[in-house]
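Colleague: Before I ask anything, here is the structure I am working with.
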Amino acid sequence: MAVLDIVKFPDPRLREPTFEVAEITDDIRQLVRDMIDTMYSLNAAGVAAIQVGRLERIFVLDGKCIPGGDDNTPPLVFINPELVETGKGLAVVEEGCLSFPGVFVEVKRPRWAKVRAKNVDGQTVEVDGDALMGRALQHEFDHLSGRLMIDLVGALKKEMIKRKMNRWHAEHDGAAPPPARSAPEIA
Ligand code: ZN
């Protein structure tokens with residue numbers, strides 16, 4: 001089991017261009033396993049490769065994002081994902097992100113989303129949902145374009161988030177990551 005370091009805002013690595021996975025090699029399978037370990041250990045709903053310092057277009061989601069999912073539901077793996085469609089109107093929901101520890105902000109997004117991707121076996125999978133799944137799909141997909149939740153809020157909230165992150169770095173850099181909250185968070 002390997003828990004990877006999370007790249008935290010405003011680290012410019014969160015804005016780097018990502019690239020498609022050409023072949024699902026042992027290295028990619030290992031990366032996916034490590035991302036899943038990291039997600040569970042930080043009690044996050046998901047994590048994107050760019051958040052662990054890798055630029056492959058990959059993200060993973062906790063199986064609890066599936067309606068009715070529980071601790072025994074396997075995680076979902078999305079390699080080279082495409083955002084196929086969003087809809088069912090807009091909803092404002094509080095989001096968190098592993099790259100913004102301790103920051104929770106209301107973000108407006110389409111309620112529903114559908115993503116097509118490859119799983120670790122190279123099979124094409126389509127996943128769609130609203131509620132937590134719809135949120136998590138869009139939040140993680142955004143990471144692969146360097147788009148962060150701070151980009152989706154107004155100027156005042158942007159300043160608040162920047163101040164909180166400055167304070168977080170002042171207090172935590174070089175120290176252990178903060179304890180996870182008990183409820184799963186979008187990450
Ligand atoms: Zn995030």
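In the structure tokens, the first chain shown is A, the next is B, and so on; residue numbers restart at 1 for each chain, and ligands run from 1 in the order shown.
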Report the closest atom pair, with its distance in Å rounded to one decimal, for each residue of region 97-158 of chain A that has an atom no farther than 10 Å from region 4-16 of chain A; count only C-alpha atoms, sort by chain and then rising residue number, and write it as a tab-separated table.

Modeller:
```
residue	atom	partner	partner_atom	distance
A:Cys97	CA	A:Lys8	CA	9.3
A:Leu98	CA	A:Ile6	CA	6.9
A:Ser99	CA	A:Lys8	CA	4.1
A:Phe100	CA	A:Phe9	CA	6.1
A:Pro101	CA	A:Lys8	CA	7.9
A:His143	CA	A:Leu14	CA	7.5
A:Leu144	CA	A:Arg15	CA	8.7
A:Ser145	CA	A:Arg15	CA	7.5
A:Gly146	CA	A:Arg15	CA	4.2
A:Arg147	CA	A:Arg15	CA	7.2
A:Leu148	CA	A:Leu14	CA	8.2
A:Ile150	CA	A:Phe9	CA	9.5
```

Colleague: For the residues in that selection, give me C-alpha atoms as an mmCIF file, in the first residue's frame.

Modeller:
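Resulting contents of part.cif:
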```cif
data_model
loop_
_atom_site.group_PDB
_atom_site.id
_atom_site.type_symbol
_atom_site.label_atom_id
_atom_site.label_comp_id
_atom_site.auth_asym_id
_atom_site.auth_seq_id
_atom_site.Cartn_x
_atom_site.Cartn_y
_atom_site.Cartn_z
ATOM 1 C CA CYS A 97 -10.849 18.948 -2.474
ATOM 2 C CA LEU A 98 -7.715 17.165 -1.267
ATOM 3 C CA SER A 99 -5.702 19.947 -2.890
ATOM 4 C CA PHE A 100 -7.527 22.493 -0.666
ATOM 5 C CA PRO A 101 -7.416 20.899 2.794
ATOM 6 C CA HIS A 143 -8.733 18.417 -12.531
ATOM 7 C CA LEU A 144 -7.501 16.875 -15.788
ATOM 8 C CA SER A 145 -7.950 20.269 -17.483
ATOM 9 C CA GLY A 146 -6.246 22.105 -14.630
ATOM 10 C CA ARG A 147 -9.614 23.481 -13.556
ATOM 11 C CA LEU A 148 -10.092 23.777 -9.801
ATOM 12 C CA ILE A 150 -11.565 28.020 -6.874
#
```

Colleague: Might you pull out every residue within 7 Å of Lys108 (chain A), with only C-alpha atoms counted and same-chain residues fewer than 3 positions away left off, and present them as a CSV table (one decimal) with N, CA and C atoms, in the first residue's frame?

Modeller:
```
chain,number,residue,atom,x,y,z
A,90,LEU,N,-29.0,23.0,-12.9
A,90,LEU,CA,-27.8,23.4,-12.1
A,90,LEU,C,-28.1,23.2,-10.6
A,91,ALA,N,-27.1,22.9,-9.9
A,91,ALA,CA,-27.3,22.7,-8.4
A,91,ALA,C,-26.1,23.4,-7.7
A,92,VAL,N,-26.3,24.0,-6.6
A,92,VAL,CA,-25.2,24.6,-5.8
A,92,VAL,C,-25.0,23.6,-4.6
A,93,VAL,N,-23.8,23.1,-4.5
A,93,VAL,CA,-23.5,22.1,-3.5
A,93,VAL,C,-22.1,22.4,-2.9
```

Colleague: List the spatial neighbours of region 160-163 of chain A as a PyMOL selection string - criterion: any atom at most 8 Å away, only C-alpha atoms, same-chain residues fewer than 3 positions off excluded.

Modeller: chain A and resi 103+150+156-157+166-167

Colleague: For the residues selected in the previous step, produce a file with N, CA and C atoms as a PDB file, in the first residue's frame.

Modeller:
```pdb
ATOM      1  N   VAL A 103     -10.879  23.430   3.147  1.00  0.00           N
ATOM      2  CA  VAL A 103     -11.667  24.444   2.444  1.00  0.00           C
ATOM      3  C   VAL A 103     -12.922  23.777   1.868  1.00  0.00           C
ATOM      4  N   ILE A 150     -11.749  26.577  -7.078  1.00  0.00           N
ATOM      5  CA  ILE A 150     -11.565  28.020  -6.874  1.00  0.00           C
ATOM      6  C   ILE A 150     -11.893  28.798  -8.155  1.00  0.00           C
ATOM      7  N   LEU A 156     -14.864  37.208  -4.117  1.00  0.00           N
ATOM      8  CA  LEU A 156     -14.692  37.230  -2.658  1.00  0.00           C
ATOM      9  C   LEU A 156     -14.300  35.861  -2.128  1.00  0.00           C
ATOM     10  N   LYS A 157     -14.991  34.834  -2.642  1.00  0.00           N
ATOM     11  CA  LYS A 157     -14.664  33.474  -2.196  1.00  0.00           C
ATOM     12  C   LYS A 157     -13.267  33.077  -2.639  1.00  0.00           C
ATOM     13  N   ASN A 166      -2.978  30.003   2.192  1.00  0.00           N
ATOM     14  CA  ASN A 166      -1.725  30.599   2.696  1.00  0.00           C
ATOM     15  C   ASN A 166      -1.525  30.206   4.150  1.00  0.00           C
ATOM     16  N   ARG A 167      -2.624  30.292   4.908  1.00  0.00           N
ATOM     17  CA  ARG A 167      -2.537  29.944   6.325  1.00  0.00           C
ATOM     18  C   ARG A 167      -2.230  28.451   6.484  1.00  0.00           C
TER      19      ARG A 167
END
```

Colleague: Please return, as JSON, numbers by chain, all residues of chain A that DSSP assigns to strand (DSSP E or B) on the basis of the backbone.

Modeller: {"A": [19, 44, 46, 47, 48, 56, 58, 59, 60, 61, 76, 77, 78, 79, 80, 81, 82, 83, 84, 85, 86, 87, 88, 89, 90, 91, 92, 93, 94, 95, 105, 106, 107, 108, 109, 110, 111, 112, 113, 114, 115, 116, 117, 118, 124, 125, 126, 127, 128, 129, 185]}

Colleague: Separation of CA of Ile36 (chain A) and CA of Ile24 (chain A), in Å?

Modeller: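 Spanning CA of Ile36 (chain A) to CA of Ile24 (chain A) is a straight-line distance of 16.2 Å.
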
Colleague: Which residues come within 12 Å of Gln30 (chain A), counting only C-alpha atoms, excluding same-chain residues fewer than 5 positions away, as a list in words?

Modeller: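 So, after excluding close chain neighbours, the residues are Met1, Ala2, Val3, Leu4, Ile24, Thr25, Met35, Ile36, Asp37, Ala49 and Val120 of chain A.
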
Colleague: From the list A:Asp62, A:Val107, A:Glu85, A:Met165, which residue is nearest Ala48 (chain A) when using only C-alpha atoms?

Modeller: A:Asp62

Colleague: Which one is closest to Phe141 (chain A): A:Arg116, A:His169, A:Lys164, A:Arg29? Count only C-alpha atoms.

Modeller: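 Of all the options, A:Arg116 lies closest to Phe141 (chain A).
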
Colleague: Report, in Å to a single decimal, how far apart CA of Ala45 (chain A) and CA of Pro75 (chain A) are.

Modeller: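 These two atoms are separated by 9.6 Å.
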
Colleague: Could you pull out the alpha helix (DSSP H) residues of region 120-161 of chain A from DSSP and send them as a PyMOL selection string?

Modeller: chain A and resi 131-143+155-161

Colleague: Those residues with C-alpha atoms, as an mmCIF file, in the first residue's frame please?

Modeller:
```cif
data_model
loop_
_atom_site.group_PDB
_atom_site.id
_atom_site.type_symbol
_atom_site.label_atom_id
_atom_site.label_comp_id
_atom_site.auth_asym_id
_atom_site.auth_seq_id
_atom_site.Cartn_x
_atom_site.Cartn_y
_atom_site.Cartn_z
ATOM 1 C CA ALA A 131 -26.042 13.807 -6.484
ATOM 2 C CA LEU A 132 -22.536 12.871 -5.262
ATOM 3 C CA MET A 133 -21.692 10.905 -8.427
ATOM 4 C CA GLY A 134 -22.571 13.802 -10.732
ATOM 5 C CA ARG A 135 -20.493 16.174 -8.621
ATOM 6 C CA ALA A 136 -17.516 13.872 -8.277
ATOM 7 C CA LEU A 137 -17.394 13.039 -11.999
ATOM 8 C CA GLN A 138 -17.286 16.725 -12.912
ATOM 9 C CA HIS A 139 -14.915 17.745 -10.111
ATOM 10 C CA GLU A 140 -12.363 15.053 -10.990
ATOM 11 C CA PHE A 141 -12.743 15.537 -14.740
ATOM 12 C CA ASP A 142 -12.040 19.251 -14.232
ATOM 13 C CA HIS A 143 -8.733 18.417 -12.531
ATOM 14 C CA ALA A 155 -14.041 36.991 -6.403
ATOM 15 C CA LEU A 156 -14.692 37.230 -2.658
ATOM 16 C CA LYS A 157 -14.664 33.474 -2.196
ATOM 17 C CA LYS A 158 -11.501 33.237 -4.302
ATOM 18 C CA GLU A 159 -9.740 35.616 -1.905
ATOM 19 C CA MET A 160 -11.048 33.705 1.112
ATOM 20 C CA ILE A 161 -9.733 30.422 -0.318
#
```

Colleague: Can you work out which one of A:Val115, A:Ala187, A:Val125, A:Ala170 has the shortest atom-to-atom distance to ligand 1, counting only C-alpha atoms and all ligand atoms?

Modeller: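 Between A:Val115, A:Ala187, A:Val125, A:Ala170, the residue approaching ligand 1 most closely is A:Ala187.
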
Colleague: Can you measure CA of Val153 (chain A) to CA of Val105 (chain A) for me? One decimal in Å is fine.

Modeller: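 A separation of 8.1 Å between them.
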